[in-house]
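Trainee: Got a structure for you, start.csv, holding CSV, C-alpha atoms.
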```
chain,number,residue,atom,x,y,z
B,1,MET,CA,10.4,2.3,91.3
B,2,LYS,CA,9.0,1.6,87.8
B,3,LEU,CA,7.3,4.5,86.0
B,4,LEU,CA,5.0,4.5,83.1
B,5,LEU,CA,4.9,6.7,80.0
B,6,GLU,CA,2.0,8.8,81.3
B,7,ASP,CA,4.0,9.8,84.4
B,8,VAL,CA,6.6,11.4,82.2
B,9,SER,CA,4.7,12.7,79.2
B,10,ASP,CA,3.3,15.8,80.9
B,11,TYR,CA,6.8,17.1,81.4
B,12,LEU,CA,7.9,16.7,77.8
B,13,GLU,CA,7.7,19.5,75.3
B,14,GLN,CA,5.6,19.0,72.1
B,15,PHE,CA,4.7,15.4,73.2
B,16,HIS,CA,2.5,13.5,70.9
B,17,LYS,CA,1.3,9.9,71.5
B,18,TYR,CA,1.2,7.2,68.8
B,19,GLY,CA,-0.3,4.0,70.1
B,20,GLY,CA,2.1,2.6,72.7
B,21,TYR,CA,4.8,5.2,72.3
B,22,GLY,CA,5.2,9.0,71.9
B,23,MET,CA,7.5,11.5,70.3
B,24,ALA,CA,8.8,14.7,72.0
B,25,LEU,CA,11.5,17.3,71.8
B,26,CYS,CA,14.7,15.8,73.2
B,27,CYS,CA,15.8,17.4,76.5
B,28,PHE,CA,19.4,16.3,76.0
B,29,HIS,CA,20.1,18.6,73.1
B,30,ASP,CA,18.8,21.7,71.4
B,31,ASP,CA,15.9,20.0,69.6
B,32,HIS,CA,13.5,21.9,67.3
B,33,ASN,CA,11.7,18.9,65.7
B,34,PRO,CA,10.5,16.1,68.1
B,35,SER,CA,13.1,13.4,67.7
B,36,MET,CA,12.9,11.6,71.1
B,37,GLN,CA,10.9,8.4,71.1
B,38,VAL,CA,9.5,7.5,74.5
B,39,SER,CA,7.6,4.4,75.7
B,40,ASP,CA,7.0,2.4,78.9
B,41,HIS,CA,10.4,0.8,78.3
B,42,GLY,CA,12.4,4.0,78.1
B,43,TYR,CA,13.5,6.7,75.7
B,44,LYS,CA,15.8,7.1,72.7
B,45,CYS,CA,16.6,10.2,70.7
B,46,MET,CA,16.8,9.5,67.0
B,47,SER,CA,19.0,12.6,66.6
B,48,CYS,CA,21.6,12.8,69.3
B,49,GLY,CA,21.4,9.1,70.4
B,50,ALA,CA,20.6,9.7,74.1
B,51,LYS,CA,18.8,6.8,75.6
B,52,GLY,CA,17.9,5.3,78.9
B,53,SER,CA,15.1,4.4,81.3
B,54,LEU,CA,11.9,6.4,82.1
B,55,GLU,CA,13.2,6.9,85.6
B,56,LYS,CA,16.3,8.6,84.3
B,57,LEU,CA,14.2,10.8,82.0
B,58,TYR,CA,11.7,11.6,84.8
B,59,GLU,CA,14.5,12.8,87.0
B,60,LYS,CA,15.9,14.9,84.1
B,61,VAL,CA,12.7,16.7,83.2
B,62,SER,CA,11.0,16.9,86.6
B,63,GLY,CA,14.0,17.6,88.8
B,64,ARG,CA,12.8,14.9,91.3
B,65,VAL,CA,14.6,11.8,92.4
B,66,VAL,CA,12.9,8.5,91.9
B,67,ALA,CA,13.0,6.2,95.0
B,68,ARG,CA,14.9,3.0,94.3
B,69,GLU,CA,14.8,-0.2,96.3
B,70,LYS,CA,17.5,-2.9,96.3
B,71,ASN,CA,14.8,-5.5,96.6
B,72,PRO,CA,11.5,-4.7,94.7
B,73,TYR,CA,8.4,-5.2,96.8
B,74,ASN,CA,4.7,-4.5,96.6
B,75,PRO,CA,3.9,-1.7,99.1
B,76,ALA,CA,0.2,-2.8,99.2
B,77,GLN,CA,1.2,-6.0,101.0
B,78,LYS,CA,1.9,-4.2,104.2
B,79,ILE,CA,0.6,-0.6,103.7
B,80,TRP,CA,-2.8,-1.2,105.3
B,81,HIS,CA,-1.5,-3.4,108.1
B,82,THR,CA,1.1,-0.7,108.9
B,83,TRP,CA,-1.5,2.1,108.8
B,84,PHE,CA,-4.1,0.3,110.9
B,85,GLU,CA,-1.5,-0.7,113.4
B,86,LYS,CA,-0.3,2.8,113.8
B,87,TYR,CA,-3.5,4.9,113.4
B,88,GLY,CA,-6.3,2.5,114.3
B,89,SER,CA,-9.1,3.2,111.7
B,90,VAL,CA,-9.8,4.3,108.2
B,91,GLN,CA,-11.3,7.5,109.7
B,92,ALA,CA,-8.1,8.3,111.5
B,93,ILE,CA,-5.9,7.5,108.5
B,94,ALA,CA,-8.0,9.7,106.2
B,95,LYS,CA,-8.0,12.6,108.6
B,96,LEU,CA,-4.2,12.4,109.2
B,97,ALA,CA,-3.4,12.1,105.5
B,98,HIS,CA,-5.6,15.1,104.7
B,99,LEU,CA,-4.0,17.2,107.3
B,100,GLU,CA,-0.6,16.1,106.0
B,101,LEU,CA,-1.5,17.3,102.5
B,102,VAL,CA,-3.1,20.6,103.6
B,103,ASN,CA,-0.1,21.4,105.8
B,104,ASN,CA,2.4,20.4,103.1
B,105,PRO,CA,0.8,21.6,99.8
B,106,GLU,CA,4.0,20.9,97.9
B,107,ARG,CA,3.2,17.2,98.2
B,108,GLY,CA,0.1,17.7,96.1
B,109,HIS,CA,2.3,18.2,92.9
B,110,TYR,CA,0.7,15.2,91.2
B,111,LEU,CA,-2.8,16.4,91.9
B,112,LYS,CA,-1.9,19.9,90.6
B,113,GLN,CA,-0.5,18.2,87.5
B,114,ARG,CA,-3.8,16.4,87.1
B,115,LEU,CA,-5.7,19.7,87.6
B,116,ILE,CA,-7.7,18.5,90.6
B,117,ASP,CA,-5.7,20.2,93.4
B,118,SER,CA,-8.6,22.6,93.8
B,119,GLN,CA,-10.7,19.6,95.1
B,120,ILE,CA,-8.4,18.6,98.0
B,121,LYS,CA,-10.5,20.2,100.7
B,122,VAL,CA,-13.8,19.2,99.1
B,123,GLY,CA,-12.8,15.6,98.8
B,124,LYS,CA,-10.7,15.5,101.9
B,125,ILE,CA,-7.9,14.1,99.7
B,126,GLY,CA,-4.7,13.3,101.5
B,127,PHE,CA,-1.1,12.1,101.2
B,128,LEU,CA,0.5,9.5,103.4
B,129,GLY,CA,3.6,7.3,103.0
B,130,GLY,CA,3.9,8.1,99.3
B,131,PHE,CA,0.2,7.5,98.5
B,132,TYR,CA,-2.5,9.9,97.7
B,133,THR,CA,-5.6,9.0,99.7
B,134,PHE,CA,-9.2,9.4,98.6
B,135,PRO,CA,-11.7,8.8,101.4
B,136,VAL,CA,-14.7,6.6,100.4
B,137,ARG,CA,-17.6,8.4,102.1
B,138,ASP,CA,-21.2,7.5,102.4
B,139,GLU,CA,-24.1,9.8,102.0
B,140,TYR,CA,-23.8,10.9,105.6
B,141,ASP,CA,-20.2,11.9,105.0
B,142,VAL,CA,-18.8,9.1,107.2
B,143,VAL,CA,-15.6,7.6,105.9
B,144,GLN,CA,-16.1,3.9,105.1
B,145,GLY,CA,-12.8,3.2,103.4
B,146,ILE,CA,-9.9,4.7,101.4
B,147,VAL,CA,-8.7,4.4,97.9
B,148,ALA,CA,-5.0,5.0,97.8
B,149,ARG,CA,-3.1,6.0,94.6
B,150,ALA,CA,0.6,5.4,94.6
B,151,SER,CA,2.5,8.5,93.7
B,152,PRO,CA,4.6,8.3,90.5
B,153,THR,CA,7.9,7.8,92.3
B,154,ILE,CA,6.8,4.6,94.1
B,155,GLN,CA,4.2,3.0,91.8
B,156,THR,CA,4.9,-0.1,89.8
B,157,LYS,CA,3.0,-1.7,86.9
B,158,THR,CA,1.1,-3.9,89.4
B,159,LEU,CA,0.6,-1.2,92.0
B,160,ARG,CA,-1.3,2.0,91.1
B,161,TYR,CA,-4.4,1.8,93.3
B,162,THR,CA,-5.1,-0.1,96.4
B,163,VAL,CA,-8.3,-0.1,98.5
B,164,SER,CA,-8.5,-0.5,102.3
B,165,PRO,CA,-9.6,-4.0,103.3
B,166,ASN,CA,-13.3,-4.9,103.8
B,167,CYS,CA,-14.6,-1.5,102.6
B,168,PRO,CA,-18.4,-1.8,102.8
B,169,GLN,CA,-19.0,1.2,100.5
B,170,LYS,CA,-18.3,-0.1,96.9
B,171,LEU,CA,-18.8,3.1,95.1
B,172,TYR,CA,-16.5,6.2,95.2
B,173,VAL,CA,-18.8,9.3,95.1
B,174,PRO,CA,-16.9,12.6,95.2
B,175,VAL,CA,-20.0,14.7,96.0
B,176,TRP,CA,-23.0,12.9,97.4
B,177,ARG,CA,-25.1,16.0,97.4
B,178,LYS,CA,-25.1,16.1,93.6
B,179,VAL,CA,-25.7,12.3,93.2
B,180,LEU,CA,-28.8,12.5,95.5
B,181,LYS,CA,-30.2,15.7,94.0
B,182,ASP,CA,-29.4,15.6,90.3
B,183,GLU,CA,-31.8,13.9,87.8
B,184,TYR,CA,-29.0,12.1,85.9
B,185,LEU,CA,-25.9,10.2,87.1
B,186,TYR,CA,-22.6,9.8,85.2
B,187,LEU,CA,-20.7,6.5,85.7
B,188,CYS,CA,-17.0,6.5,84.9
B,189,TYR,CA,-14.1,4.1,85.3
B,190,GLY,CA,-11.6,5.9,87.6
B,191,THR,CA,-11.3,8.0,90.7
B,192,LEU,CA,-9.7,11.0,89.0
B,193,ASP,CA,-12.2,10.7,86.1
B,194,ALA,CA,-15.0,11.0,88.7
B,195,TRP,CA,-13.5,14.3,90.0
B,196,THR,CA,-13.2,15.5,86.4
B,197,LEU,CA,-17.0,14.9,86.0
B,198,VAL,CA,-17.7,16.8,89.2
B,199,MET,CA,-15.6,19.7,88.1
B,200,ALA,CA,-17.5,19.7,84.8
B,201,GLY,CA,-20.8,20.0,86.7
B,202,TYR,CA,-21.9,16.3,86.5
B,203,ALA,CA,-22.9,13.9,89.2
B,204,GLY,CA,-19.9,11.6,88.9
B,205,ILE,CA,-19.7,8.1,90.3
B,206,THR,CA,-17.1,5.3,90.0
B,207,GLY,CA,-16.3,2.0,91.7
B,208,ILE,CA,-13.7,1.8,94.4
B,209,SER,CA,-12.0,-0.7,92.0
B,210,GLY,CA,-12.5,-1.8,88.5
B,211,GLN,CA,-14.8,-4.7,89.5
B,212,GLU,CA,-17.0,-2.6,91.8
B,213,LEU,CA,-18.6,-0.5,89.1
B,214,ASN,CA,-21.3,-3.0,88.4
B,215,TYR,CA,-25.1,-3.5,88.3
B,216,HIS,CA,-25.4,-4.6,91.9
B,217,ASN,CA,-23.6,-1.6,93.3
B,218,VAL,CA,-25.6,1.0,91.5
B,219,ASP,CA,-28.9,-0.7,91.7
B,220,ARG,CA,-30.0,1.6,94.6
B,221,PHE,CA,-30.2,4.6,92.3
B,222,ARG,CA,-33.5,4.6,90.5
B,223,LYS,CA,-32.7,7.3,88.0
B,224,PRO,CA,-31.1,7.5,84.5
B,225,MET,CA,-27.3,6.9,84.3
B,226,PHE,CA,-24.9,7.8,81.6
B,227,ILE,CA,-22.0,5.3,81.4
B,228,ILE,CA,-18.8,6.9,80.1
B,229,PRO,CA,-16.2,4.2,79.4
B,230,ASP,CA,-12.5,4.7,78.9
B,231,LEU,CA,-11.2,4.0,75.4
B,232,GLY,CA,-11.3,0.2,75.0
B,233,GLU,CA,-13.9,-0.3,77.7
B,234,GLU,CA,-16.9,0.0,75.4
B,235,LYS,CA,-17.9,-3.7,75.7
B,236,ASN,CA,-18.0,-3.4,79.5
B,237,ALA,CA,-20.2,-0.3,79.3
B,238,LEU,CA,-22.7,-2.0,77.0
B,239,GLU,CA,-22.9,-5.0,79.3
B,240,LEU,CA,-23.7,-2.7,82.2
B,241,GLN,CA,-26.2,-0.8,80.1
B,242,THR,CA,-28.1,-4.0,79.3
B,243,LYS,CA,-28.3,-4.9,83.0
B,244,LEU,CA,-29.5,-1.5,84.0
B,245,GLY,CA,-32.3,-1.5,81.5
B,246,TRP,CA,-34.1,1.8,81.1
B,247,ARG,CA,-31.6,3.5,83.5
B,248,GLY,CA,-28.5,2.8,81.4
B,249,MET,CA,-27.2,4.9,78.5
B,250,SER,CA,-23.7,4.4,77.2
B,251,LEU,CA,-21.8,7.5,76.0
B,252,PHE,CA,-18.9,6.7,73.7
B,253,LEU,CA,-16.9,9.9,73.5
B,254,ASP,CA,-14.9,11.0,70.5
B,255,PHE,CA,-11.6,10.9,72.3
B,256,PRO,CA,-9.0,13.4,71.0
B,257,ASP,CA,-5.7,11.8,69.8
B,258,GLY,CA,-3.6,10.8,72.7
B,259,CYS,CA,-6.5,10.6,75.2
B,260,LYS,CA,-8.0,7.4,76.6
B,261,ASP,CA,-10.2,8.7,79.4
B,262,LEU,CA,-11.9,11.8,80.9
B,263,GLN,CA,-8.9,12.8,82.9
B,264,ASP,CA,-6.7,12.9,79.8
B,265,ILE,CA,-9.1,15.2,78.1
B,266,HIS,CA,-9.3,17.5,81.1
B,267,MET,CA,-5.5,17.7,81.4
B,268,LYS,CA,-4.7,18.2,77.7
B,269,PHE,CA,-7.7,20.3,76.5
B,270,GLY,CA,-9.5,21.7,79.6
B,271,ILE,CA,-12.7,21.1,81.4
B,272,GLU,CA,-14.8,22.8,78.7
B,273,LYS,CA,-13.7,20.2,76.2
B,274,VAL,CA,-14.9,17.5,78.5
B,275,ILE,CA,-18.3,19.1,78.7
B,276,GLU,CA,-18.3,19.6,74.9
B,277,LEU,CA,-17.6,15.9,74.1
B,278,ILE,CA,-20.1,14.6,76.7
B,279,GLU,CA,-22.9,16.8,75.3
B,280,LYS,CA,-22.0,15.9,71.7
B,281,ALA,CA,-22.1,12.2,72.6
B,282,LYS,CA,-25.6,12.7,74.2
B,283,GLU,CA,-26.8,14.4,71.0
B,284,LYS,CA,-25.3,11.7,68.8
B,285,TYR,CA,-27.1,9.0,70.7
B,286,ASN,CA,-30.3,11.1,71.1
B,287,TYR,CA,-29.9,11.2,74.8
B,288,HIS,CA,-31.2,14.1,76.8
B,289,GLY,CA,-30.2,15.3,80.3
```
Let me see the structure of the file written as structure tokens.
Mentor:
Amino acid sequence: MKLLLEDVSDYLEQFHKYGGYGMALCCFHDDHNPSMQVSDHGYKCMSCGAKGSLEKLYEKVSGRVVAREKNPYNPAQKIWHTWFEKYGSVQAIAKLAHLELVNNPERGHYLKQRLIDSQIKVGKIGFLGGFYTFPVRDEYDVVQGIVARASPTIQTKTLRYTVSPNCPQKLYVPVWRKVLKDEYLYLCYGTLDAWTLVMAGYAGITGISGQELNYHNVDRFRKPMFIIPDLGEEKNALELQTKLGWRGMSLFLDFPDGCKDLQDIHMKFGIEKVIELIEKAKEKYNYHG
């Protein structure tokens, strides 16, 4: 299946991103100065001439085999139908997937790579049929739906996340206790980013999809909210801030080179860097909290 640059970059030595491509040490010869150019379209070494697809490079550097299908298809078209037919409910699916991951920790490689494997039990995160499952729970800890993230070996450009049909809960809240108790909320633009915020000590919230993080779905919270957009999502954050009125405060982080969201910062520089950049942004915009 089709991979993207970010799925391979973590395995490359001395990788550095420049816009839509990156440079790294070539793994096909004894390279001492990054000479391999890598993008979503594949790789090419400017020194030894090695070139090919990202799938081939991923298999080389990760030691894992990428699943290939004779006829490409979109797994989301039938994944939920199959799961509901087999297991009956989102609650049963979430429980089974979590047990599958707990009993087979090696399947959590992607989560370990993303530095959130320590949150598997807290978030009841699971793995089923090639998808990582993130239960969407309400404040009473009842599973209302599931956000499923395709693992790198089965994802495509059009399939990365899929949400269970008719999910009544439109927000993904990793830890409701903090959201209900803390004085300030932190809104972000991704499931893994929300976990990064929680690990940094903040009350993180995101939408179950990109469209769900909106004014209507956070209107129930009558407390100040810091909106932390991904790089390039600043306009969206300002629109949400305007609709939230006194509650909304946008934080535009000074993203390090090669980072586009909170999770990137966490992976490449550590959780303390996430805290540092958030607190600096609050000082810059004269926000307190």
Trainee: With distances taken over only C-alpha atoms, which residue among B:Leu253, B:Val175, B:Arg220, B:Gln155 lies nearest Ile205 in chain B?
Mentor: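 Distance minimum relative to Ile205 in chain B lands on B:Val175.
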Trainee: Which residue, B:Val102, B:Leu96, B:Val173, B:Leu12, has the smallest gap to Glu59 in chain B when you use only C-alpha atoms?
Mentor: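 Of all the options, B:Leu12 lies closest to Glu59 in chain B.
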Trainee: At a cut-off of 10 Å, using all atoms listed in the file, what residues contact Asn214 in chain B? Leave out same-chain residues fewer than 4 positions from it and give the result as a PDB file with C-alpha atoms, in the coordinates of the input.
Mentor:
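Result file is result29.pdb:
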```pdb
ATOM      1  CA  LYS B 170     -18.300  -0.100  96.900  1.00  0.00           C
ATOM      2  CA  LEU B 171     -18.800   3.100  95.100  1.00  0.00           C
ATOM      3  CA  LEU B 187     -20.700   6.500  85.700  1.00  0.00           C
ATOM      4  CA  THR B 206     -17.100   5.300  90.000  1.00  0.00           C
ATOM      5  CA  GLY B 207     -16.300   2.000  91.700  1.00  0.00           C
ATOM      6  CA  GLY B 210     -12.500  -1.800  88.500  1.00  0.00           C
ATOM      7  CA  VAL B 218     -25.600   1.000  91.500  1.00  0.00           C
ATOM      8  CA  ASP B 219     -28.900  -0.700  91.700  1.00  0.00           C
ATOM      9  CA  ASN B 236     -18.000  -3.400  79.500  1.00  0.00           C
ATOM     10  CA  ALA B 237     -20.200  -0.300  79.300  1.00  0.00           C
ATOM     11  CA  GLU B 239     -22.900  -5.000  79.300  1.00  0.00           C
ATOM     12  CA  LEU B 240     -23.700  -2.700  82.200  1.00  0.00           C
ATOM     13  CA  GLN B 241     -26.200  -0.800  80.100  1.00  0.00           C
ATOM     14  CA  LYS B 243     -28.300  -4.900  83.000  1.00  0.00           C
ATOM     15  CA  LEU B 244     -29.500  -1.500  84.000  1.00  0.00           C
TER      16      LEU B 244
END
```
Trainee: Skipping near chain neighbours, those fewer than 4 positions away, what residues fall within 9 Å of Lys121 in chain B using only C-alpha atoms, listed as number ranges by chain?
Mentor: B: 98, 102, 117, 125
Trainee: Using only C-alpha atoms, find the one residue out of B:Lys181, B:Thr153, B:Leu128, B:Leu25 that sits nearest to Ala92 in chain B.
Mentor: B:Leu128
Trainee: Between B:Pro165, B:Pro224, B:Gly52, B:Gly270, which one has atoms that come closest to Ser250 in chain B, using all atoms listed in the file?
Mentor: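 Of the candidates, the smallest distance to Ser250 in chain B is held by B:Pro224.
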Trainee: So which one's closest to Gln14 in chain B, B:Arg247, B:Lys280, B:Arg114, B:Lys268? Using all atoms listed in the file, please.
Mentor: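 Distance minimum relative to Gln14 in chain B lands on B:Lys268.
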Trainee: For Thr162 in chain B, which residue among B:Phe84, B:Tyr110, B:Phe255, B:Phe134 is the nearest when counting only C-alpha atoms?
Mentor: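 Going through B:Phe84, B:Tyr110, B:Phe255, B:Phe134 one by one, the smallest distance to Thr162 in chain B is for B:Phe134.
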Trainee: Any idea what's packed within 8 Å of Leu101 in chain B, counting all atoms listed in the file, ignoring anything in its chain fewer than 6 positions away? Could you give it as a ChimeraX atom specification?
Mentor: /B:107-108,125-127
